[in-house]
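**Q** First the structure, which I've put down as structure tokens, then a few questions once you've had a look.
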Amino acid sequence: MNMIAAVDRNWAIGRKGKLLVSIPGDQKYFREETLGKVVILGRKTLKTFPQGMPLPGRTNLILSSDRGFQVKGGIVCHSIEELMEKISGYPSRDVYCIGGESLYSQLLPCCDVAHITKIDHAYDADAYFPNLDRNPEWEITADSDEQTYFDIAYSFLRYERVNGRKAY
């Protein structure tokens, strides 16, 4: 399974339910990486999308403990176990966890690749991605040249679990 996120230099991903910054190059990368794939997200993350609707061109699996929650164009799972059962029918390389904070933490042990857009700035934030630089189970296996969007510098990093070990 993959994870994909844009993080600042402190591994922050959001503030008050919103992304820290919108970078067109990062949005393009996200779209290219996930189109035609399975995306896993939490209900709160879904609420941040346009009209609160699932992403088009992808199979959207939404985790919500609310048993009454339904969404057109998405598959709602009510537990991690149910979610894992649903994704078992897909190749691991085609499954992407796209957030938010709680889901990233819960699914990190199940992932072997993380696609990280690292933004060279520290934002005021209240939501974070697990810091892979401090986790000895993860290493950078690919690093793009530095990109810029106005005065924001960022790069695309690929982290992989060392020796392909998964914690489950």
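Residues in the structure tokens are numbered from 1 in each chain, the chains being A, B, ... in the order shown, and ligands are numbered from 1 in the order shown.
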Can you tell me which residues surround stretch 1-12 of chain A at a distance of at most 6 Å, considering only C-alpha atoms, apart from same-chain residues fewer than 6 positions away, and format the answer as a list in words?
**A**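 Returned residues: Ser92, Arg93, Val95, Tyr96, Cys97, Ile98, Cys111, Asp112, Val113, Ala114, His115, Ile116, Thr117, Lys118, Ile119, Asp120, His121, Ala122, Ala127, Tyr128, Phe129 and Asn131 of chain A.
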**Q** DSSP on the backbone: which residues in chain A end up as alpha helix (DSSP H)? Give the answer as a ChimeraX atom specification.
**A** /A:24-34,43-47,80-87,101-107
**Q** Using only C-alpha atoms, can you tell me which of A:Cys110, A:Met53, A:Met84, A:Val162 comes closest to A:Gln70?
**A**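 Looking only at the distances to A:Gln70, the closest residue turns out to be A:Met53.
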**Q** What is the distance between atom CA of A:Leu63 and atom CA of A:Pro109, in Å to one decimal?
**A** 16.8 Å
**Q** Measuring between only C-alpha atoms, which one of A:Lys28, A:Lys18, A:Arg43, A:Lys37 shows the shortest distance to A:Asp66?
**A**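 When distances to A:Asp66 are compared using only C-alpha atoms, the smallest one comes from A:Arg43.
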**Q** Write out as JSON, numbers by chain all residues of stretch 11-44 of chain A that backbone DSSP assigns to strand (DSSP E or B).
**A** {"A": [12, 13, 14, 15, 18, 19, 38, 39, 40, 41, 42]}
**Q** Once you have the residues from the selection above, write them out as a CSV table (one decimal), in the first residue's frame, restricted to N, CA and C atoms.
**A**
```csv
chain,number,residue,atom,x,y,z
A,12,ALA,N,4.0,18.7,9.0
A,12,ALA,CA,2.7,19.1,9.2
A,12,ALA,C,1.9,19.0,7.9
A,13,ILE,N,0.6,18.7,8.0
A,13,ILE,CA,-0.2,18.5,6.7
A,13,ILE,C,-1.4,19.4,6.7
A,14,GLY,N,-1.8,20.0,7.8
A,14,GLY,CA,-3.0,20.8,7.8
A,14,GLY,C,-3.2,21.6,9.0
A,15,ARG,N,-4.2,22.5,8.9
A,15,ARG,CA,-4.6,23.4,10.0
A,15,ARG,C,-6.1,23.6,9.8
A,18,LYS,N,-8.0,22.1,6.8
A,18,LYS,CA,-7.6,22.5,5.5
A,18,LYS,C,-6.1,22.2,5.2
A,19,LEU,N,-5.7,22.1,3.9
A,19,LEU,CA,-4.3,21.9,3.6
A,19,LEU,C,-3.6,23.2,4.0
A,38,VAL,N,-7.1,3.1,-6.3
A,38,VAL,CA,-7.9,3.1,-5.1
A,38,VAL,C,-7.4,4.1,-4.1
A,39,VAL,N,-8.2,5.0,-3.6
A,39,VAL,CA,-7.8,6.0,-2.6
A,39,VAL,C,-8.6,5.7,-1.3
A,40,ILE,N,-7.9,5.8,-0.2
A,40,ILE,CA,-8.5,5.6,1.1
A,40,ILE,C,-8.4,6.9,1.9
A,41,LEU,N,-9.5,7.3,2.4
A,41,LEU,CA,-9.5,8.6,3.1
A,41,LEU,C,-10.6,8.5,4.3
A,42,GLY,N,-10.4,9.4,5.2
A,42,GLY,CA,-11.3,9.5,6.3
A,42,GLY,C,-12.5,10.4,5.9
```
**Q** Find the residues around A:Glu82 up to 12 Å (only C-alpha atoms counted), leave out those fewer than 5 positions away in its own chain, and share them as a ChimeraX atom specification.
**A** /A:61-65,75-77,87-88
**Q** Considering only C-alpha atoms, state which residue in the set A:Gln106, A:Arg161, A:Gln147, A:Leu55 is at the smallest distance from A:Leu132.
**A**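 Going through A:Gln106, A:Arg161, A:Gln147, A:Leu55 one by one, the smallest distance to A:Leu132 is for A:Arg161.
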